[in-house]
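Trainee: Provided herewith is a single structure, encoded as structure tokens, for subsequent inquiry.
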Amino acid sequence: MRKYLIAGNWKMNMKPSEAKVFAKQLTDSIKDVSSDVIVMIAPPFTALQAVGEAIKGSVIKLGAQNMNDNEKGAFTGEISADMLLDVGVEYVILGHSERRQIYKESNEFINKKVLFALKKGLKPVLCIGELLEERESGKTNSVLKTQLVEGLKNVAKDDMKNIVIAYEPVWAIGTGKVATPEVAEETHKFVRDTLAEIFDKTVAENTIIQYGGSVTDASVDGLMKQPDIDGALVGGASLKADSFTRIVKFVR
Ligand code: PEP
């Protein structure tokens with residue numbers, strides 16, 4: 001039976017000192033979360049250590065927002081998998097639309113990071129999603145299929161148990177325009193069917209597929225009621241303790 005994964009992507013917000021206090025507050029407000037919900041927070045790199053210490057012994061898991069695909073060396077400004085593991089990171093968000101759009105990350109490049117993260121024992125959260133013009137011109141499914149096929153290239157079937165897919169329509173991220181539960185479910189079903197094509201039905205049934213894009217405490221319940229939506233990747237609403245706590249404690 002699949003679990004739900006509710007994850008907070010803090011993006012470039014929260015100084016280490018603020019992050020530590022906020023994370024501590026969350027450990028308290030989230031401590032009685034249902035056992036079928038995994039909670040993860042992904043602060044900026046500079047706050048990982050402080051947040052890791054603040055959430056130690058709690059139900060909250062630590063995630064990073066990116067990672068380099070090389071072991072170590074001359075990669076100025078980059079962060080390695082070992083550095084993340086050393087401060088207690090378990091999950092790493094890869095291929096977020098902001099990295100695809102602003103930093104021009106390609107499917108091929110993201111795939112290298114996915115494979116390297118798996119090799120190092122980190123759990124990739126592979127983000128996929130279509131632009132507004134792609135949805136409007138009927139290209140959603142083909143865009144998502146390419147992102148999945150290329151992003152998961154050479155991933156062993158057995159490694160899929162350590163991968164999470166985050167479906168995040170780009171037009172919904174940070175815009176306040178959340179996809180309706182019906183639109184999101186239809187697309188999640190397509191993503192799951194595509195995983196069955198690439199791997200097999202068992203892999204498809206067992207993979208956590210999160211929805212991301214303007215999820216709030218007001219929209220989470222409707223989304224989580226859908227059979228193929230297994231959690232949420234939350235940006236803006238993960239920066240406030242009361243809204244993130246309510247999202248984590250969604251009602252089905
Ligand atoms: C995100 O950054 O992954 C995201 C979904 O952001 P927001 O919830 O703010 O739309």
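Going by the structure tokens order, chains are called A, B, ..., each with residues numbered from 1, while ligands are numbered from 1 in the order shown.
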Would you give me, as a ChimeraX atom specification, the residues in region 1-229 of chain A that DSSP reads as strand (DSSP E)?
Mentor: /A:4-9,37-42,60-64,91-94,123-128,164-167,208-212
Trainee: Around ligand 1, at most 6 Å away and counting only C-alpha atoms and all ligand atoms, which residues are there? Put them as a JSON list (two decimals) with N, CA and C atoms, in the first residue's frame, please.
Mentor:
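So out_38.json came out as:
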```json
[["chain", "number", "residue", "atom", "x", "y", "z"],
["A", 9, "ASN", "N", 8.91, 22.53, 0.09],
["A", 9, "ASN", "CA", 10.06, 23.06, -0.65],
["A", 9, "ASN", "C", 10.19, 24.54, -0.27],
["A", 172, "ALA", "N", 0.79, 26.12, -12.47],
["A", 172, "ALA", "CA", 0.18, 26.14, -11.13],
["A", 172, "ALA", "C", 1.19, 26.49, -10.04],
["A", 173, "ILE", "N", 2.47, 26.53, -10.39],
["A", 173, "ILE", "CA", 3.49, 26.75, -9.36],
["A", 173, "ILE", "C", 3.63, 28.23, -9.03],
["A", 174, "GLY", "N", 3.34, 28.54, -7.78],
["A", 174, "GLY", "CA", 3.49, 29.92, -7.30],
["A", 174, "GLY", "C", 2.51, 30.91, -7.90],
["A", 212, "GLY", "N", 2.01, 18.95, -7.12],
["A", 212, "GLY", "CA", 2.55, 20.22, -6.65],
["A", 212, "GLY", "C", 2.07, 21.36, -7.51],
["A", 213, "GLY", "N", 1.80, 22.49, -6.89],
["A", 213, "GLY", "CA", 1.33, 23.67, -7.63],
["A", 213, "GLY", "C", 0.25, 24.36, -6.84],
["A", 214, "SER", "N", 0.65, 25.37, -6.03],
["A", 214, "SER", "CA", -0.30, 26.20, -5.28],
["A", 214, "SER", "C", -1.20, 25.42, -4.33],
["A", 215, "VAL", "N", -0.69, 24.31, -3.79],
["A", 215, "VAL", "CA", -1.49, 23.57, -2.79],
["A", 215, "VAL", "C", -1.56, 24.42, -1.51],
["A", 233, "LEU", "N", 3.78, 18.32, -3.03],
["A", 233, "LEU", "CA", 5.02, 19.09, -2.91],
["A", 233, "LEU", "C", 4.56, 20.54, -2.79],
["A", 234, "VAL", "N", 4.87, 21.13, -1.65],
["A", 234, "VAL", "CA", 4.27, 22.42, -1.31],
["A", 234, "VAL", "C", 5.34, 23.50, -1.22],
["A", 235, "GLY", "N", 5.17, 24.59, -1.94],
["A", 235, "GLY", "CA", 6.11, 25.70, -1.88],
["A", 235, "GLY", "C", 5.65, 26.73, -0.86],
["A", 236, "GLY", "N", 4.97, 27.76, -1.34],
["A", 236, "GLY", "CA", 4.56, 28.90, -0.51],
["A", 236, "GLY", "C", 3.91, 28.52, 0.81]]
```
Trainee: Please list as a PyMOL selection string every residue within 8 Å of region 113-117 of chain A, counting only C-alpha atoms and excluding residues in the same chain fewer than 5 positions away.
Mentor: chain A and resi 67-70+81+92+94+122-124+126+151-152+154-155
Trainee: How would the residues just picked look written out with C-alpha atoms as a compact mmCIF listing (two decimals), in the first residue's frame?
Mentor:
```txt
# COMPACT_ATOMS: atom_id res chain seq x y z
CA MET A 67 22.51 18.17 -5.93
CA ASN A 68 25.51 17.86 -8.24
CA ASP A 69 25.95 14.67 -10.26
CA ASN A 70 29.67 14.28 -9.55
CA ALA A 81 25.57 13.87 -2.44
CA VAL A 92 16.62 15.26 -2.96
CA LEU A 94 15.56 17.04 -8.82
CA LEU A 122 19.47 9.37 -1.64
CA LYS A 123 15.80 9.28 -2.66
CA PRO A 124 15.16 11.49 -5.71
CA LEU A 126 11.77 13.78 -9.75
CA GLY A 151 14.47 11.41 -16.62
CA LEU A 152 14.24 7.74 -15.59
CA ASN A 154 18.67 3.44 -17.02
CA VAL A 155 16.92 3.43 -13.64
```
Trainee: What are the DSSP alpha helix (DSSP H) residues of region 132-177 of chain A, as a PDB file with N, CA, C and O atoms, in the first residue's frame?
Mentor:
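Saved as result-v9.pdb:
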```pdb
ATOM      1  N   LEU A 132       1.955  26.143 -19.478  1.00  0.00           N
ATOM      2  CA  LEU A 132       0.569  26.473 -19.826  1.00  0.00           C
ATOM      3  C   LEU A 132       0.310  26.285 -21.323  1.00  0.00           C
ATOM      4  O   LEU A 132      -0.686  25.678 -21.731  1.00  0.00           O
ATOM      5  N   GLU A 133       1.259  26.772 -22.150  1.00  0.00           N
ATOM      6  CA  GLU A 133       1.011  26.664 -23.597  1.00  0.00           C
ATOM      7  C   GLU A 133       1.017  25.203 -24.055  1.00  0.00           C
ATOM      8  O   GLU A 133       0.343  24.843 -25.014  1.00  0.00           O
ATOM      9  N   GLU A 134       1.766  24.377 -23.356  1.00  0.00           N
ATOM     10  CA  GLU A 134       1.771  22.942 -23.704  1.00  0.00           C
ATOM     11  C   GLU A 134       0.421  22.316 -23.341  1.00  0.00           C
ATOM     12  O   GLU A 134      -0.133  21.523 -24.102  1.00  0.00           O
ATOM     13  N   ARG A 135      -0.127  22.688 -22.189  1.00  0.00           N
ATOM     14  CA  ARG A 135      -1.459  22.162 -21.831  1.00  0.00           C
ATOM     15  C   ARG A 135      -2.491  22.660 -22.837  1.00  0.00           C
ATOM     16  O   ARG A 135      -3.309  21.895 -23.341  1.00  0.00           O
ATOM     17  N   GLU A 136      -2.414  23.963 -23.129  1.00  0.00           N
ATOM     18  CA  GLU A 136      -3.439  24.536 -24.015  1.00  0.00           C
ATOM     19  C   GLU A 136      -3.362  23.992 -25.443  1.00  0.00           C
ATOM     20  O   GLU A 136      -4.345  24.005 -26.155  1.00  0.00           O
ATOM     21  N   THR A 140       0.279  18.068 -23.141  1.00  0.00           N
ATOM     22  CA  THR A 140       0.626  17.678 -21.764  1.00  0.00           C
ATOM     23  C   THR A 140       1.180  16.256 -21.693  1.00  0.00           C
ATOM     24  O   THR A 140       2.264  16.024 -21.159  1.00  0.00           O
ATOM     25  N   ASN A 141       0.430  15.300 -22.218  1.00  0.00           N
ATOM     26  CA  ASN A 141       0.849  13.900 -22.057  1.00  0.00           C
ATOM     27  C   ASN A 141       2.181  13.608 -22.732  1.00  0.00           C
ATOM     28  O   ASN A 141       3.011  12.883 -22.180  1.00  0.00           O
ATOM     29  N   SER A 142       2.390  14.184 -23.917  1.00  0.00           N
ATOM     30  CA  SER A 142       3.659  13.870 -24.585  1.00  0.00           C
ATOM     31  C   SER A 142       4.838  14.514 -23.856  1.00  0.00           C
ATOM     32  O   SER A 142       5.916  13.919 -23.744  1.00  0.00           O
ATOM     33  N   VAL A 143       4.631  15.713 -23.302  1.00  0.00           N
ATOM     34  CA  VAL A 143       5.705  16.364 -22.527  1.00  0.00           C
ATOM     35  C   VAL A 143       6.041  15.524 -21.289  1.00  0.00           C
ATOM     36  O   VAL A 143       7.208  15.237 -20.996  1.00  0.00           O
ATOM     37  N   LEU A 144       5.007  15.096 -20.593  1.00  0.00           N
ATOM     38  CA  LEU A 144       5.232  14.321 -19.361  1.00  0.00           C
ATOM     39  C   LEU A 144       5.883  12.982 -19.670  1.00  0.00           C
ATOM     40  O   LEU A 144       6.779  12.530 -18.951  1.00  0.00           O
ATOM     41  N   LYS A 145       5.444  12.368 -20.759  1.00  0.00           N
ATOM     42  CA  LYS A 145       6.025  11.074 -21.132  1.00  0.00           C
ATOM     43  C   LYS A 145       7.523  11.219 -21.421  1.00  0.00           C
ATOM     44  O   LYS A 145       8.340  10.430 -20.938  1.00  0.00           O
ATOM     45  N   THR A 146       7.885  12.260 -22.162  1.00  0.00           N
ATOM     46  CA  THR A 146       9.311  12.496 -22.455  1.00  0.00           C
ATOM     47  C   THR A 146      10.087  12.746 -21.162  1.00  0.00           C
ATOM     48  O   THR A 146      11.184  12.202 -20.961  1.00  0.00           O
ATOM     49  N   GLN A 147       9.527  13.553 -20.273  1.00  0.00           N
ATOM     50  CA  GLN A 147      10.230  13.850 -19.015  1.00  0.00           C
ATOM     51  C   GLN A 147      10.431  12.574 -18.199  1.00  0.00           C
ATOM     52  O   GLN A 147      11.473  12.389 -17.568  1.00  0.00           O
ATOM     53  N   LEU A 148       9.444  11.680 -18.246  1.00  0.00           N
ATOM     54  CA  LEU A 148       9.563  10.419 -17.487  1.00  0.00           C
ATOM     55  C   LEU A 148      10.545   9.470 -18.158  1.00  0.00           C
ATOM     56  O   LEU A 148      11.438   8.914 -17.508  1.00  0.00           O
ATOM     57  N   VAL A 149      10.381   9.268 -19.464  1.00  0.00           N
ATOM     58  CA  VAL A 149      11.251   8.314 -20.180  1.00  0.00           C
ATOM     59  C   VAL A 149      12.715   8.761 -20.082  1.00  0.00           C
ATOM     60  O   VAL A 149      13.600   7.975 -19.748  1.00  0.00           O
ATOM     61  N   GLU A 150      12.963  10.048 -20.326  1.00  0.00           N
ATOM     62  CA  GLU A 150      14.358  10.529 -20.315  1.00  0.00           C
ATOM     63  C   GLU A 150      14.884  10.715 -18.888  1.00  0.00           C
ATOM     64  O   GLU A 150      16.042  10.430 -18.611  1.00  0.00           O
ATOM     65  N   GLY A 151      14.042  11.176 -18.009  1.00  0.00           N
ATOM     66  CA  GLY A 151      14.472  11.405 -16.618  1.00  0.00           C
ATOM     67  C   GLY A 151      14.751  10.108 -15.879  1.00  0.00           C
ATOM     68  O   GLY A 151      15.554  10.071 -14.949  1.00  0.00           O
TER      69      GLY A 151
END
```
Trainee: Just the number, please: distance in Å from CA of His188 (chain A) to CA of Ile229 (chain A), one decimal.
Mentor: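 Between these atoms lies a distance of 6.5 Å.
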Trainee: Near Tyr211 (chain A), counting only C-alpha atoms, which residues have an atom at most 12 Å away, once you skip same-chain residues fewer than 4 positions from it, shown as a PDB file with N, CA and C atoms, in the first residue's frame?
Mentor:
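Saved the output as out14.pdb:
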```
ATOM      1  N   TYR A   4       1.540   8.359   1.680  1.00  0.00           N
ATOM      2  CA  TYR A   4       1.498   9.734   1.169  1.00  0.00           C
ATOM      3  C   TYR A   4       2.818  10.405   1.542  1.00  0.00           C
ATOM      4  N   LEU A   5       3.273  11.304   0.688  1.00  0.00           N
ATOM      5  CA  LEU A   5       4.447  12.113   1.034  1.00  0.00           C
ATOM      6  C   LEU A   5       4.066  13.582   0.898  1.00  0.00           C
ATOM      7  N   ILE A   6       4.076  14.266   2.026  1.00  0.00           N
ATOM      8  CA  ILE A   6       3.855  15.723   1.991  1.00  0.00           C
ATOM      9  C   ILE A   6       5.212  16.382   2.220  1.00  0.00           C
ATOM     10  N   ALA A   7       5.625  17.177   1.252  1.00  0.00           N
ATOM     11  CA  ALA A   7       6.962  17.768   1.330  1.00  0.00           C
ATOM     12  C   ALA A   7       6.887  19.283   1.208  1.00  0.00           C
ATOM     13  N   VAL A 125      13.294  13.011  -5.690  1.00  0.00           N
ATOM     14  CA  VAL A 125      11.913  13.413  -5.979  1.00  0.00           C
ATOM     15  C   VAL A 125      11.993  14.060  -7.360  1.00  0.00           C
ATOM     16  N   LEU A 126      11.631  13.299  -8.371  1.00  0.00           N
ATOM     17  CA  LEU A 126      11.768  13.776  -9.752  1.00  0.00           C
ATOM     18  C   LEU A 126      10.537  14.603 -10.131  1.00  0.00           C
ATOM     19  N   CYS A 127      10.776  15.902 -10.397  1.00  0.00           N
ATOM     20  CA  CYS A 127       9.666  16.798 -10.743  1.00  0.00           C
ATOM     21  C   CYS A 127       9.445  16.809 -12.255  1.00  0.00           C
ATOM     22  N   ILE A 128       8.200  16.715 -12.635  1.00  0.00           N
ATOM     23  CA  ILE A 128       7.825  16.816 -14.043  1.00  0.00           C
ATOM     24  C   ILE A 128       6.614  17.749 -14.129  1.00  0.00           C
ATOM     25  N   GLY A 129       6.392  18.308 -15.308  1.00  0.00           N
ATOM     26  CA  GLY A 129       5.214  19.167 -15.439  1.00  0.00           C
ATOM     27  C   GLY A 129       5.239  19.936 -16.740  1.00  0.00           C
ATOM     28  N   VAL A 164      10.433   9.126  -5.981  1.00  0.00           N
ATOM     29  CA  VAL A 164       9.112   9.756  -5.895  1.00  0.00           C
ATOM     30  C   VAL A 164       8.961  10.611  -7.143  1.00  0.00           C
ATOM     31  N   ILE A 165       7.773  10.608  -7.728  1.00  0.00           N
ATOM     32  CA  ILE A 165       7.495  11.516  -8.848  1.00  0.00           C
ATOM     33  C   ILE A 165       6.628  12.659  -8.328  1.00  0.00           C
ATOM     34  N   ALA A 166       7.019  13.883  -8.664  1.00  0.00           N
ATOM     35  CA  ALA A 166       6.179  15.033  -8.304  1.00  0.00           C
ATOM     36  C   ALA A 166       5.639  15.621  -9.601  1.00  0.00           C
ATOM     37  N   TYR A 167       4.328  15.481  -9.802  1.00  0.00           N
ATOM     38  CA  TYR A 167       3.711  16.118 -10.968  1.00  0.00           C
ATOM     39  C   TYR A 167       3.371  17.553 -10.584  1.00  0.00           C
ATOM     40  N   GLU A 168       4.042  18.503 -11.236  1.00  0.00           N
ATOM     41  CA  GLU A 168       3.842  19.914 -10.922  1.00  0.00           C
ATOM     42  C   GLU A 168       3.595  20.699 -12.204  1.00  0.00           C
ATOM     43  N   PRO A 169       2.330  20.910 -12.556  1.00  0.00           N
ATOM     44  CA  PRO A 169       2.069  21.735 -13.744  1.00  0.00           C
ATOM     45  C   PRO A 169       2.691  23.113 -13.534  1.00  0.00           C
ATOM     46  N   VAL A 170       3.497  23.549 -14.489  1.00  0.00           N
ATOM     47  CA  VAL A 170       4.266  24.787 -14.293  1.00  0.00           C
ATOM     48  C   VAL A 170       3.325  25.983 -14.107  1.00  0.00           C
ATOM     49  N   ALA A 172       0.787  26.123 -12.474  1.00  0.00           N
ATOM     50  CA  ALA A 172       0.181  26.136 -11.133  1.00  0.00           C
ATOM     51  C   ALA A 172       1.187  26.492 -10.041  1.00  0.00           C
ATOM     52  N   ILE A 173       2.473  26.525 -10.393  1.00  0.00           N
ATOM     53  CA  ILE A 173       3.493  26.749  -9.356  1.00  0.00           C
ATOM     54  C   ILE A 173       3.630  28.229  -9.034  1.00  0.00           C
ATOM     55  N   VAL A 178      -4.334  26.480  -8.522  1.00  0.00           N
ATOM     56  CA  VAL A 178      -4.179  25.046  -8.279  1.00  0.00           C
ATOM     57  C   VAL A 178      -4.994  24.263  -9.311  1.00  0.00           C
ATOM     58  N   ALA A 179      -4.464  23.121  -9.762  1.00  0.00           N
ATOM     59  CA  ALA A 179      -5.248  22.281 -10.686  1.00  0.00           C
ATOM     60  C   ALA A 179      -6.458  21.742  -9.928  1.00  0.00           C
ATOM     61  N   THR A 180      -7.564  21.574 -10.623  1.00  0.00           N
ATOM     62  CA  THR A 180      -8.718  20.980  -9.940  1.00  0.00           C
ATOM     63  C   THR A 180      -8.376  19.526  -9.629  1.00  0.00           C
ATOM     64  N   PRO A 181      -9.019  18.947  -8.615  1.00  0.00           N
ATOM     65  CA  PRO A 181      -8.747  17.534  -8.303  1.00  0.00           C
ATOM     66  C   PRO A 181      -8.960  16.648  -9.525  1.00  0.00           C
ATOM     67  N   VAL A 183      -8.669  17.427 -12.852  1.00  0.00           N
ATOM     68  CA  VAL A 183      -7.579  17.602 -13.833  1.00  0.00           C
ATOM     69  C   VAL A 183      -6.300  16.945 -13.303  1.00  0.00           C
ATOM     70  N   ALA A 184      -6.018  17.159 -12.027  1.00  0.00           N
ATOM     71  CA  ALA A 184      -4.803  16.574 -11.446  1.00  0.00           C
ATOM     72  C   ALA A 184      -4.899  15.045 -11.489  1.00  0.00           C
ATOM     73  N   GLU A 185      -6.050  14.502 -11.117  1.00  0.00           N
ATOM     74  CA  GLU A 185      -6.200  13.039 -11.099  1.00  0.00           C
ATOM     75  C   GLU A 185      -6.025  12.436 -12.500  1.00  0.00           C
ATOM     76  N   GLU A 186      -6.622  13.085 -13.481  1.00  0.00           N
ATOM     77  CA  GLU A 186      -6.507  12.570 -14.853  1.00  0.00           C
ATOM     78  C   GLU A 186      -5.024  12.490 -15.265  1.00  0.00           C
ATOM     79  N   THR A 187      -4.271  13.518 -14.897  1.00  0.00           N
ATOM     80  CA  THR A 187      -2.853  13.544 -15.275  1.00  0.00           C
ATOM     81  C   THR A 187      -2.047  12.552 -14.447  1.00  0.00           C
ATOM     82  N   HIS A 188      -2.363  12.448 -13.171  1.00  0.00           N
ATOM     83  CA  HIS A 188      -1.664  11.452 -12.334  1.00  0.00           C
ATOM     84  C   HIS A 188      -1.892  10.042 -12.861  1.00  0.00           C
ATOM     85  N   LYS A 189      -3.104   9.787 -13.311  1.00  0.00           N
ATOM     86  CA  LYS A 189      -3.428   8.454 -13.861  1.00  0.00           C
ATOM     87  C   LYS A 189      -2.552   8.208 -15.098  1.00  0.00           C
ATOM     88  N   VAL A 191       0.373   9.549 -15.670  1.00  0.00           N
ATOM     89  CA  VAL A 191       1.748   9.344 -15.195  1.00  0.00           C
ATOM     90  C   VAL A 191       1.907   7.905 -14.701  1.00  0.00           C
ATOM     91  N   VAL A 215      -0.690  24.310  -3.789  1.00  0.00           N
ATOM     92  CA  VAL A 215      -1.485  23.574  -2.792  1.00  0.00           C
ATOM     93  C   VAL A 215      -1.561  24.421  -1.515  1.00  0.00           C
ATOM     94  N   THR A 216      -2.754  24.504  -0.958  1.00  0.00           N
ATOM     95  CA  THR A 216      -2.942  25.222   0.314  1.00  0.00           C
ATOM     96  C   THR A 216      -3.771  24.350   1.247  1.00  0.00           C
ATOM     97  N   SER A 219      -7.110  23.618  -0.412  1.00  0.00           N
ATOM     98  CA  SER A 219      -7.252  22.722  -1.580  1.00  0.00           C
ATOM     99  C   SER A 219      -6.755  21.304  -1.335  1.00  0.00           C
ATOM    100  N   VAL A 220      -6.017  21.089  -0.253  1.00  0.00           N
ATOM    101  CA  VAL A 220      -5.352  19.789  -0.089  1.00  0.00           C
ATOM    102  C   VAL A 220      -6.333  18.616   0.032  1.00  0.00           C
ATOM    103  N   GLY A 222      -9.354  17.991  -1.161  1.00  0.00           N
ATOM    104  CA  GLY A 222      -9.943  17.556  -2.434  1.00  0.00           C
ATOM    105  C   GLY A 222      -8.935  16.801  -3.281  1.00  0.00           C
ATOM    106  N   LEU A 223      -7.705  17.275  -3.282  1.00  0.00           N
ATOM    107  CA  LEU A 223      -6.656  16.613  -4.083  1.00  0.00           C
ATOM    108  C   LEU A 223      -6.341  15.238  -3.508  1.00  0.00           C
ATOM    109  N   MET A 224      -6.202  15.152  -2.197  1.00  0.00           N
ATOM    110  CA  MET A 224      -5.798  13.872  -1.575  1.00  0.00           C
ATOM    111  C   MET A 224      -6.889  12.810  -1.630  1.00  0.00           C
ATOM    112  N   GLN A 226      -8.245  11.939  -4.308  1.00  0.00           N
ATOM    113  CA  GLN A 226      -8.121  11.287  -5.617  1.00  0.00           C
ATOM    114  C   GLN A 226      -7.260  10.026  -5.509  1.00  0.00           C
ATOM    115  N   ASP A 228      -5.111   8.505  -7.400  1.00  0.00           N
ATOM    116  CA  ASP A 228      -3.726   8.447  -7.875  1.00  0.00           C
ATOM    117  C   ASP A 228      -2.856   9.592  -7.356  1.00  0.00           C
ATOM    118  N   ILE A 229      -3.372  10.374  -6.434  1.00  0.00           N
ATOM    119  CA  ILE A 229      -2.583  11.476  -5.866  1.00  0.00           C
ATOM    120  C   ILE A 229      -2.104  11.062  -4.471  1.00  0.00           C
ATOM    121  N   ASP A 230      -0.781  10.962  -4.344  1.00  0.00           N
ATOM    122  CA  ASP A 230      -0.205  10.374  -3.123  1.00  0.00           C
ATOM    123  C   ASP A 230       0.581  11.392  -2.318  1.00  0.00           C
ATOM    124  N   GLY A 231       0.060  12.586  -2.209  1.00  0.00           N
ATOM    125  CA  GLY A 231       0.769  13.581  -1.416  1.00  0.00           C
ATOM    126  C   GLY A 231       0.971  14.860  -2.199  1.00  0.00           C
ATOM    127  N   ALA A 232       1.733  15.768  -1.598  1.00  0.00           N
ATOM    128  CA  ALA A 232       1.898  17.081  -2.228  1.00  0.00           C
ATOM    129  C   ALA A 232       3.303  17.608  -2.016  1.00  0.00           C
ATOM    130  N   LEU A 233       3.782  18.318  -3.033  1.00  0.00           N
ATOM    131  CA  LEU A 233       5.023  19.089  -2.914  1.00  0.00           C
ATOM    132  C   LEU A 233       4.555  20.536  -2.793  1.00  0.00           C
ATOM    133  N   VAL A 234       4.873  21.132  -1.655  1.00  0.00           N
ATOM    134  CA  VAL A 234       4.272  22.419  -1.306  1.00  0.00           C
ATOM    135  C   VAL A 234       5.343  23.503  -1.220  1.00  0.00           C
ATOM    136  N   GLY A 235       5.167  24.592  -1.939  1.00  0.00           N
ATOM    137  CA  GLY A 235       6.113  25.699  -1.880  1.00  0.00           C
ATOM    138  C   GLY A 235       5.650  26.733  -0.864  1.00  0.00           C
TER     139      GLY A 235
END
```
Trainee: Can you list, as a list of chain:residue names, every protein, DNA or RNA residue that comes within 10 Å of Val203 (chain A) when you count only C-alpha atoms, leaving out same-chain residues fewer than 6 positions away?
Mentor: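 Near Val203 (chain A), the qualifying residues are A:Lys157, A:Asp158, A:Asp159, A:Met160, A:Lys161, A:Arg192, A:Leu195, A:Ala196, A:Glu197.
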Trainee: Atoms to include: N, CA, C and O atoms. Write the selected residues as a compact mmCIF listing (two decimals), in the first residue's frame.
Mentor:
```txt
# COMPACT_ATOMS: atom_id res chain seq x y z
N LYS A 157 14.47 -1.27 -12.29
CA LYS A 157 13.13 -1.45 -11.75
C LYS A 157 13.15 -1.45 -10.22
O LYS A 157 12.32 -0.83 -9.56
N ASP A 158 14.14 -2.13 -9.68
CA ASP A 158 14.22 -2.28 -8.23
C ASP A 158 14.50 -0.94 -7.52
O ASP A 158 14.17 -0.76 -6.35
N ASP A 159 15.12 0.00 -8.23
CA ASP A 159 15.41 1.31 -7.64
C ASP A 159 14.18 2.21 -7.60
O ASP A 159 14.20 3.26 -6.94
N MET A 160 13.14 1.83 -8.32
CA MET A 160 11.96 2.69 -8.37
C MET A 160 11.30 2.82 -6.99
O MET A 160 10.60 3.78 -6.73
N LYS A 161 11.57 1.87 -6.10
CA LYS A 161 10.98 1.99 -4.75
C LYS A 161 11.58 3.18 -3.98
O LYS A 161 11.02 3.63 -2.98
N ARG A 192 0.94 7.42 -13.96
CA ARG A 192 1.03 6.05 -13.44
C ARG A 192 1.00 5.04 -14.59
O ARG A 192 1.77 4.08 -14.61
N LEU A 195 4.37 4.94 -16.14
CA LEU A 195 5.34 4.16 -15.35
C LEU A 195 5.15 2.66 -15.59
O LEU A 195 6.10 1.89 -15.65
N ALA A 196 3.88 2.26 -15.77
CA ALA A 196 3.61 0.84 -16.07
C ALA A 196 4.19 0.46 -17.42
O ALA A 196 4.72 -0.65 -17.59
N GLU A 197 4.12 1.38 -18.37
CA GLU A 197 4.71 1.12 -19.71
C GLU A 197 6.23 1.03 -19.63
O GLU A 197 6.85 0.17 -20.23
```
Trainee: Hey, which of A:Ala204, A:Gln25, A:Lys56, A:Ser34 ends up closest to Arg252 (chain A)? Count only C-alpha atoms.
Mentor: A:Ser34
Trainee: CA of Ile60 (chain A) to CA of Asp36 (chain A): how many Å, to one decimal?
Mentor: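 It comes out at 13.0 Å.
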Trainee: Would you kindly return, as a list in words, each protein, DNA or RNA residue with an atom no farther than 10 Å from any atom of Lys61 (chain A), considering only C-alpha atoms and excluding same-chain residues fewer than 6 positions away?
Mentor: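 Near neighbours after the sequence-gap exclusion: Ala7, Ile38, Val39, Met40, Ile41, Ala42, Val51, Gly52, Ile55, Gly88, Val89, Glu90 and Tyr91 of chain A.
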Trainee: Export C-alpha atoms of the chosen residues as a short mmCIF file (atom, residue, chain, number, x, y, z; two decimals), in the first residue's frame?
Mentor:
```
data_model
loop_
_atom_site.label_atom_id
_atom_site.label_comp_id
_atom_site.auth_asym_id
_atom_site.auth_seq_id
_atom_site.Cartn_x
_atom_site.Cartn_y
_atom_site.Cartn_z
CA ALA A 7 6.96 17.77 1.33
CA ILE A 38 5.63 10.79 5.38
CA VAL A 39 6.60 14.43 6.00
CA MET A 40 9.70 15.98 4.47
CA ILE A 41 11.07 19.53 4.47
CA ALA A 42 13.67 20.83 2.05
CA VAL A 51 17.21 21.96 10.44
CA GLY A 52 18.62 18.42 10.56
CA ILE A 55 14.12 17.66 13.56
CA GLY A 88 21.18 13.74 7.40
CA VAL A 89 19.47 14.37 4.06
CA GLU A 90 17.29 11.49 2.79
CA TYR A 91 15.42 13.02 -0.16
#
```
Trainee: Could you please determine the separation between CA of Ala237 (chain A) and CA of Met12 (chain A) in Å, to one decimal place?
Mentor: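 These two atoms are separated by 14.0 Å.
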Trainee: Which one of A:Lys11, A:Ala74, A:Ala156, A:Ser238 sits closest to Arg99 (chain A) if you count only C-alpha atoms?
Mentor: A:Lys11
Trainee: Hey, what's within 9 Å of region 18-22 of chain A if we count only C-alpha atoms and toss same-chain stuff fewer than 5 positions away? As an mmCIF file with C-alpha atoms, in the first residue's frame, please?
Mentor:
```
data_model
loop_
_atom_site.group_PDB
_atom_site.id
_atom_site.type_symbol
_atom_site.label_atom_id
_atom_site.label_comp_id
_atom_site.auth_asym_id
_atom_site.auth_seq_id
_atom_site.Cartn_x
_atom_site.Cartn_y
_atom_site.Cartn_z
ATOM 1 C CA ASN A 13 13.691 31.325 1.900
ATOM 2 C CA THR A 27 8.277 19.008 15.014
ATOM 3 C CA PRO A 43 15.378 23.994 3.330
ATOM 4 C CA ALA A 47 20.056 25.662 6.711
ATOM 5 C CA LEU A 48 20.263 21.875 6.221
ATOM 6 C CA ALA A 50 20.519 23.409 11.629
ATOM 7 C CA VAL A 51 17.214 21.960 10.442
ATOM 8 C CA GLY A 52 18.624 18.419 10.560
ATOM 9 C CA GLU A 53 19.509 18.951 14.200
ATOM 10 C CA ALA A 54 16.155 20.563 14.999
ATOM 11 C CA ILE A 55 14.118 17.658 13.562
ATOM 12 C CA LEU A 239 6.561 28.467 4.929
ATOM 13 C CA LYS A 240 3.820 28.979 7.498
ATOM 14 C CA ALA A 241 3.497 26.543 10.388
#
```
